file coords-v8.cif (mmCIF, C-alpha atoms and all ligand atoms)
data_data
loop_
_atom_site.label_atom_id
_atom_site.label_comp_id
_atom_site.auth_asym_id
_atom_site.auth_seq_id
_atom_site.Cartn_x
_atom_site.Cartn_y
_atom_site.Cartn_z
CA MET A 1 -11.30 -6.25 -11.44
CA ILE A 2 -12.56 -7.63 -8.15
CA GLU A 3 -13.01 -10.96 -9.98
CA ASN A 4 -9.31 -10.95 -10.85
CA ALA A 5 -8.39 -10.30 -7.23
CA ILE A 6 -10.61 -13.14 -6.06
CA LYS A 7 -9.06 -15.50 -8.61
CA ILE A 8 -5.53 -14.67 -7.45
CA LEU A 9 -6.44 -15.03 -3.77
CA LYS A 10 -8.26 -18.33 -4.22
CA ASN A 11 -5.09 -19.97 -5.48
CA ALA A 12 -2.84 -18.56 -2.77
CA LYS A 13 -1.64 -19.96 0.55
CA SER A 14 0.18 -16.96 1.98
CA LEU A 15 -0.92 -13.36 2.07
CA PHE A 16 0.95 -10.17 2.89
CA VAL A 17 -1.08 -7.01 3.53
CA LEU A 18 0.13 -3.42 3.74
CA THR A 19 -2.33 -0.85 5.08
CA GLY A 20 -2.33 2.93 5.32
CA ALA A 21 -4.53 5.69 6.64
CA GLY A 22 -7.27 5.03 4.08
CA ILE A 23 -8.37 1.87 5.85
CA SER A 24 -9.23 3.86 8.98
CA ALA A 25 -10.92 6.68 7.06
CA GLU A 26 -14.24 4.84 7.23
CA SER A 27 -13.84 4.74 11.03
CA GLY A 28 -13.82 8.54 10.98
CA ILE A 29 -10.06 8.98 11.39
CA PRO A 30 -8.68 11.64 9.03
CA THR A 31 -6.03 10.59 6.51
CA PHE A 32 -2.84 12.64 6.10
CA ARG A 33 -3.05 13.85 2.53
CA GLY A 34 -5.94 14.82 0.26
CA LYS A 35 -8.70 17.36 0.60
CA ASP A 36 -9.77 16.37 4.13
CA GLY A 37 -6.28 15.30 5.18
CA LEU A 38 -4.58 16.16 8.45
CA TRP A 39 -1.99 18.22 6.62
CA LYS A 40 -4.41 20.51 4.87
CA ASN A 41 -3.91 23.15 7.57
CA TYR A 42 -0.48 22.20 8.93
CA SER A 43 2.58 21.15 7.01
CA ALA A 44 4.14 17.81 7.86
CA THR A 45 7.39 19.50 8.74
CA ASP A 46 5.58 21.53 11.42
CA LEU A 47 4.38 18.39 13.18
CA ALA A 48 5.86 15.04 12.15
CA THR A 49 9.62 15.60 12.37
CA PRO A 50 12.08 15.47 15.29
CA GLU A 51 13.00 19.08 14.47
CA ALA A 52 9.37 20.16 14.91
CA PHE A 53 9.25 18.46 18.31
CA ASN A 54 12.48 20.11 19.42
CA ARG A 55 11.21 23.47 18.23
CA ASN A 56 7.71 23.29 19.68
CA PRO A 57 6.89 20.15 21.71
CA GLU A 58 3.68 21.76 23.03
CA LEU A 59 2.25 22.15 19.51
CA VAL A 60 3.23 18.61 18.52
CA TRP A 61 1.74 17.13 21.72
CA GLU A 62 -1.42 19.15 21.19
CA TRP A 63 -1.79 17.62 17.72
CA TYR A 64 -1.18 14.10 19.03
CA ARG A 65 -3.60 14.54 21.95
CA TRP A 66 -6.28 15.71 19.50
CA ARG A 67 -5.69 12.67 17.30
CA GLN A 68 -5.54 10.28 20.28
CA ASP A 69 -8.93 11.60 21.31
CA ILE A 70 -10.48 11.00 17.86
CA ILE A 71 -8.91 7.53 17.61
CA SER A 72 -10.01 6.51 21.13
CA LYS A 73 -13.61 7.18 20.17
CA ALA A 74 -13.35 5.38 16.81
CA GLU A 75 -14.27 1.75 16.15
CA PRO A 76 -12.78 -0.70 13.65
CA ASN A 77 -14.78 -0.82 10.39
CA PRO A 78 -15.73 -3.69 8.02
CA ALA A 79 -12.36 -3.41 6.26
CA HIS A 80 -10.49 -4.11 9.52
CA TYR A 81 -12.75 -7.07 10.31
CA ALA A 82 -12.39 -8.45 6.76
CA LEU A 83 -8.65 -8.68 7.37
CA VAL A 84 -9.25 -10.75 10.49
CA ASP A 85 -11.26 -13.18 8.35
CA LEU A 86 -8.45 -13.33 5.80
CA GLU A 87 -5.89 -13.97 8.56
CA ASN A 88 -7.97 -16.91 9.77
CA HIS A 89 -8.30 -18.26 6.24
CA PHE A 90 -4.71 -18.17 4.97
CA GLU A 91 -2.08 -20.62 6.12
CA LYS A 92 0.41 -17.79 6.37
CA PHE A 93 -0.54 -14.17 6.90
CA LEU A 94 1.25 -10.96 7.81
CA LEU A 95 -0.26 -7.51 8.17
CA LEU A 96 2.17 -4.61 8.01
CA THR A 97 0.50 -1.33 8.91
CA GLN A 98 1.71 2.23 8.61
CA ASN A 99 -1.12 3.23 10.91
CA VAL A 100 -0.52 4.11 14.53
CA ASP A 101 -4.15 3.76 15.62
CA ASN A 102 -4.33 0.18 17.01
CA LEU A 103 -7.56 -0.50 15.08
CA HIS A 104 -6.26 -3.68 13.45
CA GLN A 105 -5.38 -5.10 16.85
CA ARG A 106 -8.72 -3.97 18.31
CA ALA A 107 -10.55 -5.70 15.42
CA GLY A 108 -8.75 -8.94 16.32
CA SER A 109 -5.85 -9.14 13.86
CA LYS A 110 -2.98 -11.07 15.49
CA ASN A 111 -0.02 -11.07 13.17
CA VAL A 112 0.34 -7.29 12.90
CA LEU A 113 3.59 -5.36 12.59
CA GLU A 114 3.67 -1.58 13.06
CA LEU A 115 6.00 0.27 10.70
CA HIS A 116 5.43 3.78 12.09
CA GLY A 117 4.91 3.04 15.80
CA ASN A 118 1.82 3.53 17.92
CA ILE A 119 0.10 6.71 19.03
CA PHE A 120 -0.83 5.15 22.38
CA ARG A 121 2.78 4.69 23.47
CA THR A 122 5.33 7.22 24.73
CA ARG A 123 9.12 7.11 24.55
CA CYS A 124 11.50 8.95 26.87
CA LEU A 125 13.99 11.19 25.10
CA LYS A 126 16.50 10.68 27.94
CA CYS A 127 16.40 6.99 28.96
CA GLY A 128 14.51 5.57 25.94
CA ARG A 129 11.86 3.91 28.10
CA ILE A 130 8.69 2.98 26.18
CA ASP A 131 5.40 3.10 28.08
CA LYS A 132 1.65 3.18 27.57
CA ILE A 133 0.13 6.61 27.11
CA GLU A 134 -2.20 6.16 30.09
CA ASN A 135 0.83 6.09 32.38
CA ALA A 136 1.83 9.57 31.24
CA ARG A 137 0.47 12.77 32.73
CA ILE A 138 -0.36 14.28 29.40
CA GLU A 139 -2.59 17.13 30.49
CA LYS A 140 0.54 19.30 30.27
CA MET A 141 3.93 18.28 28.94
CA PRO A 142 4.55 14.63 29.83
CA TYR A 143 7.77 13.65 31.63
CA CYS A 144 9.36 10.30 32.50
CA ASN A 145 10.28 9.29 36.07
CA CYS A 146 13.90 9.93 35.08
CA GLY A 147 13.04 13.57 34.32
CA GLY A 148 13.31 13.20 30.52
CA LEU A 149 10.69 14.60 28.17
CA LEU A 150 8.35 11.98 26.67
CA ARG A 151 7.51 11.95 22.96
CA PRO A 152 4.94 9.90 21.05
CA ASP A 153 6.45 6.49 20.15
CA VAL A 154 5.93 7.00 16.42
CA VAL A 155 8.30 7.31 13.46
CA TRP A 156 8.70 10.83 12.11
CA PHE A 157 10.19 11.94 8.78
CA GLY A 158 13.94 11.52 8.69
CA GLU A 159 13.87 8.85 11.41
CA ALA A 160 14.74 5.23 10.84
CA ILE A 161 11.86 2.77 10.75
CA PRO A 162 12.20 -0.22 13.15
CA GLN A 163 14.70 -2.49 11.42
CA ASP A 164 13.36 -5.72 12.95
CA VAL A 165 9.86 -4.92 11.66
CA TRP A 166 11.16 -4.16 8.18
CA GLN A 167 13.34 -7.27 8.01
CA GLU A 168 10.59 -9.60 9.20
CA SER A 169 8.14 -8.04 6.73
CA MET A 170 10.49 -8.35 3.77
CA LYS A 171 11.31 -11.94 4.71
CA PHE A 172 7.61 -12.77 4.75
CA LEU A 173 6.97 -10.86 1.53
CA SER A 174 9.72 -12.73 -0.30
CA ASN A 175 7.83 -16.01 0.30
CA ALA A 176 4.29 -14.68 -0.05
CA ALA A 177 1.96 -15.51 -2.95
CA VAL A 178 -0.06 -12.30 -2.90
CA ALA A 179 0.30 -8.79 -1.48
CA ILE A 180 -2.70 -6.53 -0.89
CA ILE A 181 -1.87 -2.83 -0.60
CA ARG A 182 -4.71 -0.87 0.80
CA GLY A 183 -5.55 2.73 1.64
CA THR A 184 -2.09 4.22 1.20
CA SER A 185 -1.03 7.02 -1.13
CA GLY A 186 2.34 5.38 -1.84
CA VAL A 187 4.13 8.64 -1.14
CA VAL A 188 6.05 7.77 2.02
CA TRP A 189 9.13 5.58 1.90
CA PRO A 190 10.13 2.86 2.53
CA ALA A 191 6.54 1.52 2.45
CA ALA A 192 6.09 3.12 -0.98
CA GLY A 193 8.72 0.71 -2.34
CA ILE A 194 6.79 -2.42 -1.35
CA PRO A 195 4.90 -2.95 -4.65
CA GLU A 196 8.15 -2.95 -6.56
CA ILE A 197 9.85 -5.24 -4.05
CA ALA A 198 6.86 -7.60 -4.30
CA LYS A 199 7.11 -7.59 -8.08
CA ASN A 200 10.81 -8.46 -7.90
CA TYR A 201 9.95 -11.43 -5.68
CA GLY A 202 7.26 -12.57 -8.14
CA VAL A 203 4.49 -11.82 -5.65
CA LYS A 204 1.11 -10.88 -7.19
CA THR A 205 -0.08 -7.45 -6.09
CA ILE A 206 -3.59 -6.09 -5.54
CA GLU A 207 -4.20 -2.43 -4.72
CA ILE A 208 -7.43 -1.17 -3.15
CA ASN A 209 -7.93 2.59 -3.00
CA ILE A 210 -10.66 5.10 -3.72
CA GLU A 211 -8.46 6.73 -6.37
CA PRO A 212 -5.41 5.90 -8.49
CA THR A 213 -2.09 6.43 -6.66
CA LEU A 214 1.62 6.53 -7.42
CA ILE A 215 1.74 2.74 -7.19
CA THR A 216 -1.29 1.90 -9.35
CA SER A 217 0.77 1.41 -12.50
CA LEU A 218 2.96 -1.13 -10.68
CA VAL A 219 0.32 -3.52 -9.37
CA ASP A 220 -1.27 -6.54 -11.07
CA VAL A 221 -4.83 -5.64 -10.04
CA SER A 222 -6.11 -2.21 -9.06
CA ILE A 223 -9.55 -1.90 -7.46
CA ILE A 224 -10.89 1.63 -7.17
CA SER A 225 -13.42 1.38 -4.36
CA PRO A 226 -13.66 2.07 -0.60
CA ALA A 227 -11.86 -0.63 1.38
CA GLY A 228 -14.84 -1.20 3.67
CA LYS A 229 -17.00 -2.14 0.70
CA VAL A 230 -14.68 -4.21 -1.44
CA LEU A 231 -12.86 -6.25 1.19
CA PRO A 232 -15.89 -7.89 2.75
CA GLU A 233 -16.98 -8.82 -0.81
CA ILE A 234 -13.59 -10.39 -1.48
CA VAL A 235 -13.67 -12.25 1.82
CA LYS A 236 -17.11 -13.64 1.09
CA SER A 237 -15.90 -15.23 -2.15
CA VAL A 238 -12.43 -16.30 -1.04
CA VAL A 239 -13.20 -17.65 2.41
CA ASN A 240 -16.38 -19.50 1.43
CA ILE A 241 -14.74 -21.52 -1.30
CA ASN A 242 -12.81 -23.87 1.02
C1 LIG B 1 -8.92 5.06 0.95
C2 LIG B 1 -10.11 5.28 1.61
C3 LIG B 1 -10.95 4.19 1.72
C4 LIG B 1 -9.06 7.14 1.65
N1 LIG B 1 -10.59 3.01 1.21
N2 LIG B 1 -8.58 3.89 0.45
C5 LIG B 1 13.32 7.64 -0.67
C6 LIG B 1 13.69 6.49 -0.01
C7 LIG B 1 13.64 6.40 1.39
C8 LIG B 1 13.23 7.48 2.15
C9 LIG B 1 12.87 8.64 1.51
C10 LIG B 1 12.92 8.73 0.12
N3 LIG B 1 12.51 9.94 -0.22
C11 LIG B 1 12.21 10.61 0.92
C12 LIG B 1 12.42 9.85 1.99
C13 LIG B 1 12.23 10.24 3.41
C14 LIG B 1 10.84 10.10 3.95
C15 LIG B 1 9.78 10.11 2.85
O1 LIG B 1 9.27 9.11 2.42
N4 LIG B 1 9.39 11.29 2.43
C16 LIG B 1 8.37 11.44 1.39
C17 LIG B 1 7.32 12.43 1.83
C18 LIG B 1 9.03 11.77 0.09
N5 LIG B 1 10.75 8.85 4.69
C19 LIG B 1 11.18 8.79 5.95
O2 LIG B 1 11.72 9.75 6.48
C20 LIG B 1 11.05 7.46 6.66
N6 LIG B 1 12.28 7.09 7.22
C21 LIG B 1 13.32 6.76 6.46
O3 LIG B 1 13.26 6.67 5.26
O4 LIG B 1 14.45 6.51 7.16
C22 LIG B 1 15.69 6.41 6.51
C23 LIG B 1 16.74 6.42 7.60
C24 LIG B 1 17.57 5.33 7.74
C25 LIG B 1 18.53 5.34 8.75
C26 LIG B 1 18.62 6.44 9.61
C27 LIG B 1 17.77 7.51 9.48
C28 LIG B 1 16.81 7.51 8.46
C29 LIG B 1 10.08 7.60 7.85
C30 LIG B 1 8.69 7.91 7.43
C31 LIG B 1 7.81 8.15 8.64
C32 LIG B 1 6.40 8.56 8.26
N7 LIG B 1 5.69 8.98 9.42
C33 LIG B 1 4.29 9.36 9.30
C34 LIG B 1 3.82 9.90 10.68
C35 LIG B 1 3.65 8.74 11.67
C36 LIG B 1 3.21 9.19 13.00
C37 LIG B 1 1.82 9.74 13.03
O5 LIG B 1 0.84 9.07 12.65
O6 LIG B 1 1.71 10.88 13.44
O7 LIG B 1 3.51 8.21 8.93
S1 LIG B 1 3.96 10.49 7.99
C38 LIG B 1 2.40 9.81 7.54
O8 LIG B 1 2.46 9.29 6.19
C39 LIG B 1 2.20 8.60 8.47
C40 LIG B 1 1.64 7.58 7.52
O9 LIG B 1 1.82 6.28 8.03
C41 LIG B 1 2.40 7.85 6.25
C42 LIG B 1 1.76 7.30 5.02
O10 LIG B 1 0.53 7.89 4.77
P1 LIG B 1 -0.66 7.02 4.17
O11 LIG B 1 -1.05 5.95 5.11
O12 LIG B 1 -0.30 6.59 2.81
O13 LIG B 1 -1.84 8.10 4.18
P2 LIG B 1 -2.23 9.20 3.07
O14 LIG B 1 -3.09 10.19 3.75
O15 LIG B 1 -1.06 9.68 2.35
O16 LIG B 1 -3.09 8.38 2.01
C43 LIG B 1 -4.35 7.82 2.33
C44 LIG B 1 -4.79 7.02 1.12
O17 LIG B 1 -6.00 6.37 1.46
C45 LIG B 1 -5.09 7.89 -0.13
O18 LIG B 1 -4.44 7.29 -1.24
C46 LIG B 1 -6.61 7.81 -0.26
O19 LIG B 1 -7.04 7.83 -1.60
C47 LIG B 1 -6.89 6.47 0.37
N8 LIG B 1 -8.22 6.31 0.95
N9 LIG B 1 -10.15 6.64 2.00
C48 LIG B 1 -9.38 2.92 0.55
N10 LIG B 1 -12.16 4.33 2.32
ZN ZN B 2 13.21 8.34 31.09
#
call {"tool": "encode", "arguments": {"input": "coords-v8.cif", "output": "structure tokens"}}
result
Amino acid sequence: MIENAIKILKNAKSLFVLTGAGISAESGIPTFRGKDGLWKNYSATDLATPEAFNRNPELVWEWYRWRQDIISKAEPNPAHYALVDLENHFEKFLLLTQNVDNLHQRAGSKNVLELHGNIFRTRCLKCGRIDKIENARIEKMPYCNCGGLLRPDVVWFGEAIPQDVWQESMKFLSNAAVAIIRGTSGVVWPAAGIPEIAKNYGVKTIEINIEPTLITSLVDVSIISPAGKVLPEIVKSVVNIN
């Protein structure tokens, strides 16, 4: 299967990549679903919805502070670095991530769009101001200079994803040769619709995951293997050829 992926990538000039929590799992950051997932003990509706924040902002902030702490101590892994190599190799490259952890940017990826925001930014509920987390006094409840309560600048269930990010991604995808979809369960929309959109545009699709997912039956090539193992192998073959 990896051979098929390499063959497709060798003939391509433009690459679209979608990543999810699985790519950061090998950096020690828990995924959302599955046996060790973040939602094993809490339900998503208790934490990742605007209603949950209205109901209990302390609990939601506590969860985000805990995750910020884990993420701050984590380092990008070989899968993140392999994507930097691919970005340097392809004429056109776009990385759309559902992750909020900044690890792609820290690894050196440049053309990265964030679909679900960033855990290291805050947004004021009153004036809408977006700021870096280090500017917030987060030891207790964080407030803006205007007096408004700050929330994490991420996208929760029921909230609209950033339209500019989505439009730019879909524009790129429509002209891409290949799409790699990596480390995502394909449960959360609208990202879950990307394999089908790619197919409609005639874009070849490669999925990399440690287990079959809801999108496996839709893709051209499915590779069941940890991202940190398979991607460096792909890069070695694809990048060395030219
Ligand atoms: C490895 C690995 C290794 C492990 N190597 N792999 C139909 C159409 C449209 C919308 C909906 C719809 N049906 C329902 C909806 C609504 C909802 C939705 O999708 N719900 C589903 C649960 C059914 N979607 C929304 O609400 C979205 N907004 C929206 O649709 O807006 C419409 C609207 C328009 C106009 C006005 C108002 C509204 C927003 C979704 C926001 C998601 N937010 C979260 C939290 C972000 C902040 C935070 O981090 O705290 O995003 S939820 C969570 O799930 C997070 C993730 O980005 C997202 C996806 O998870 P991901 O990345 O796939 O992780 P996992 O854990 O699920 O999977 C990990 C995978 O990795 C597994 O497959 C492992 O096997 C694999 N893996 N190790 C490779 N080493
Ligand atoms: Zn404010």
call {"tool": "axis_aligned_box", "arguments": {"input": "coords-v8.cif", "around": "ligand LIG 1 (chain B)", "padding_each_side": "6 Å", "output": "AutoDock Vina command-line options"}}
result
--center_x 3.2 --center_y 7.7 --center_z 5.9 --size_x 42.8 --size_y 21.5 --size_z 27.0
call {"tool": "closest_residue", "arguments": {"input": "coords-v8.cif", "among": "A:Pro50, A:Pro232, A:Pro195, A:Gly183", "to": "ligand LIG 1 (chain B)", "atoms": "all atoms listed in the file"}}
result
A:Gly183
call {"tool": "residues_around", "arguments": {"input": "coords-v8.cif", "residues": "A:Glu211", "least_positions_apart": "3", "cutoff": "12 Å", "atoms": "all atoms listed in the file", "output": "list in words"}}
result
Gly22, Gly34, Arg182, Gly183, Thr184, Ser185, Gly186, Glu207, Ile208, Leu214, Ile215, Thr216, Ser222, Ile223, Ile224, Ser225, Pro226 and Ala227 of chain A
call {"tool": "closest_atom_pairs", "arguments": {"input": "coords-v8.cif", "of": "chain A", "to": "ligand LIG 1 (chain B)", "cutoff": "8 Å", "atoms": "only C-alpha atoms and all ligand atoms", "output": "CSV"}}
result
residue,atom,partner,partner_atom,distance
A:Thr19,CA,B:LIG1,O11,6.9
A:Gly20,CA,B:LIG1,O11,3.3
A:Ala21,CA,B:LIG1,O11,3.8
A:Gly22,CA,B:LIG1,O17,3.2
A:Ile23,CA,B:LIG1,N1,5.3
A:Ser24,CA,B:LIG1,N10,7.3
A:Ala25,CA,B:LIG1,N9,5.1
A:Glu26,CA,B:LIG1,N10,5.4
A:Pro30,CA,B:LIG1,O14,7.8
A:Thr31,CA,B:LIG1,O14,4.1
A:Phe32,CA,B:LIG1,O14,3.4
A:Arg33,CA,B:LIG1,O14,3.9
A:Gly34,CA,B:LIG1,O14,6.5
A:Gly37,CA,B:LIG1,O14,6.2
A:Leu38,CA,B:LIG1,O14,7.7
A:Ala44,CA,B:LIG1,S1,7.3
A:Leu47,CA,B:LIG1,O6,8.0
A:Ala48,CA,B:LIG1,C34,5.7
A:Tyr64,CA,B:LIG1,O6,7.1
A:Thr97,CA,B:LIG1,O9,7.8
A:Gln98,CA,B:LIG1,O9,4.1
A:Asn99,CA,B:LIG1,O9,5.1
A:Val100,CA,B:LIG1,O5,5.5
A:Asp101,CA,B:LIG1,O5,7.9
A:Leu115,CA,B:LIG1,O9,7.8
A:His116,CA,B:LIG1,C35,5.3
A:Gly117,CA,B:LIG1,C36,7.0
A:Asn118,CA,B:LIG1,C36,7.6
A:Ile119,CA,B:LIG1,O5,6.8
A:Val154,CA,B:LIG1,C36,4.9
A:Val155,CA,B:LIG1,C31,4.9
A:Trp156,CA,B:LIG1,N7,4.4
A:Phe157,CA,B:LIG1,O2,3.5
A:Gly158,CA,B:LIG1,O2,3.6
A:Glu159,CA,B:LIG1,C28,4.4
A:Ala160,CA,B:LIG1,C28,3.9
A:Ile161,CA,B:LIG1,N6,5.6
A:Arg182,CA,B:LIG1,C48,6.0
A:Gly183,CA,B:LIG1,N2,3.5
A:Thr184,CA,B:LIG1,O12,3.4
A:Ser185,CA,B:LIG1,O18,3.4
A:Gly186,CA,B:LIG1,O12,5.5
A:Val187,CA,B:LIG1,C16,5.7
A:Val188,CA,B:LIG1,O1,3.5
A:Trp189,CA,B:LIG1,O1,3.6
A:Pro190,CA,B:LIG1,C7,5.1
A:Ala191,CA,B:LIG1,C42,7.9
A:Ala192,CA,B:LIG1,O1,7.6
A:Gly193,CA,B:LIG1,C6,8.0
A:Ile208,CA,B:LIG1,C48,5.8
A:Asn209,CA,B:LIG1,N2,3.7
A:Ile210,CA,B:LIG1,N2,4.8
A:Glu211,CA,B:LIG1,O19,5.1
A:Pro212,CA,B:LIG1,O19,7.3
A:Thr213,CA,B:LIG1,O18,6.0
A:Ile224,CA,B:LIG1,C48,8.0
A:Ser225,CA,B:LIG1,N1,6.5
A:Pro226,CA,B:LIG1,N1,3.7
A:Ala227,CA,B:LIG1,N1,3.9
A:Gly228,CA,B:LIG1,N10,6.3
call {"tool": "atom_distance", "arguments": {"input": "coords-v8.cif", "atom1": "atom CA of A:Pro162", "atom2": "atom CA of A:Ile197"}}
result
18.1 Å
call {"tool": "residues_near_point", "arguments": {"input": "coords-v8.cif", "point": "(-8.9, -5.2, 10.5)", "cutoff": "8 Å", "atoms": "all atoms listed in the file", "output": "count of residues only"}}
result
16
call {"tool": "closest_residue", "arguments": {"input": "coords-v8.cif", "among": "A:Pro152, A:Pro57, A:Gly128, A:Pro142", "to": "ligand ZN 2 (chain B)", "atoms": "only C-alpha atoms and all ligand atoms"}}
result
A:Gly128
call {"tool": "residues_near_ligand", "arguments": {"input": "coords-v8.cif", "ligand": "ligand ZN 2 (chain B)", "cutoff": "12 Å", "atoms": "all atoms listed in the file", "output": "PyMOL selection string"}}
result
chain A and resi 122-131+136+142-151
call {"tool": "write_last_selection", "arguments": {"input": "coords-v8.cif", "atoms": "C-alpha atoms", "output": "PDB file, in the frame of the given file"}}
result
ATOM      1  CA  THR A 122       5.330   7.220  24.730  1.00  0.00           C
ATOM      2  CA  ARG A 123       9.120   7.110  24.550  1.00  0.00           C
ATOM      3  CA  CYS A 124      11.500   8.950  26.870  1.00  0.00           C
ATOM      4  CA  LEU A 125      13.990  11.190  25.100  1.00  0.00           C
ATOM      5  CA  LYS A 126      16.500  10.680  27.940  1.00  0.00           C
ATOM      6  CA  CYS A 127      16.400   6.990  28.960  1.00  0.00           C
ATOM      7  CA  GLY A 128      14.510   5.570  25.940  1.00  0.00           C
ATOM      8  CA  ARG A 129      11.860   3.910  28.100  1.00  0.00           C
ATOM      9  CA  ILE A 130       8.690   2.980  26.180  1.00  0.00           C
ATOM     10  CA  ASP A 131       5.400   3.100  28.080  1.00  0.00           C
ATOM     11  CA  ALA A 136       1.830   9.570  31.240  1.00  0.00           C
ATOM     12  CA  PRO A 142       4.550  14.630  29.830  1.00  0.00           C
ATOM     13  CA  TYR A 143       7.770  13.650  31.630  1.00  0.00           C
ATOM     14  CA  CYS A 144       9.360  10.300  32.500  1.00  0.00           C
ATOM     15  CA  ASN A 145      10.280   9.290  36.070  1.00  0.00           C
ATOM     16  CA  CYS A 146      13.900   9.930  35.080  1.00  0.00           C
ATOM     17  CA  GLY A 147      13.040  13.570  34.320  1.00  0.00           C
ATOM     18  CA  GLY A 148      13.310  13.200  30.520  1.00  0.00           C
ATOM     19  CA  LEU A 149      10.690  14.600  28.170  1.00  0.00           C
ATOM     20  CA  LEU A 150       8.350  11.980  26.670  1.00  0.00           C
ATOM     21  CA  ARG A 151       7.510  11.950  22.960  1.00  0.00           C
TER      22      ARG A 151
END
call {"tool": "atom_distance", "arguments": {"input": "coords-v8.cif", "atom1": "atom CA of A:Thr205", "atom2": "atom CA of A:Ile181"}}
result
7.4 Å
call {"tool": "closest_residue", "arguments": {"input": "coords-v8.cif", "among": "A:Ser72, A:Gln167, A:Asn102, A:Asn88", "to": "A:Lys13", "atoms": "only C-alpha atoms"}}
result
A:Asn88
call {"tool": "atom_distance", "arguments": {"input": "coords-v8.cif", "atom1": "atom CA of A:Val235", "atom2": "atom CA of A:Ser27"}}
result
19.3 Å
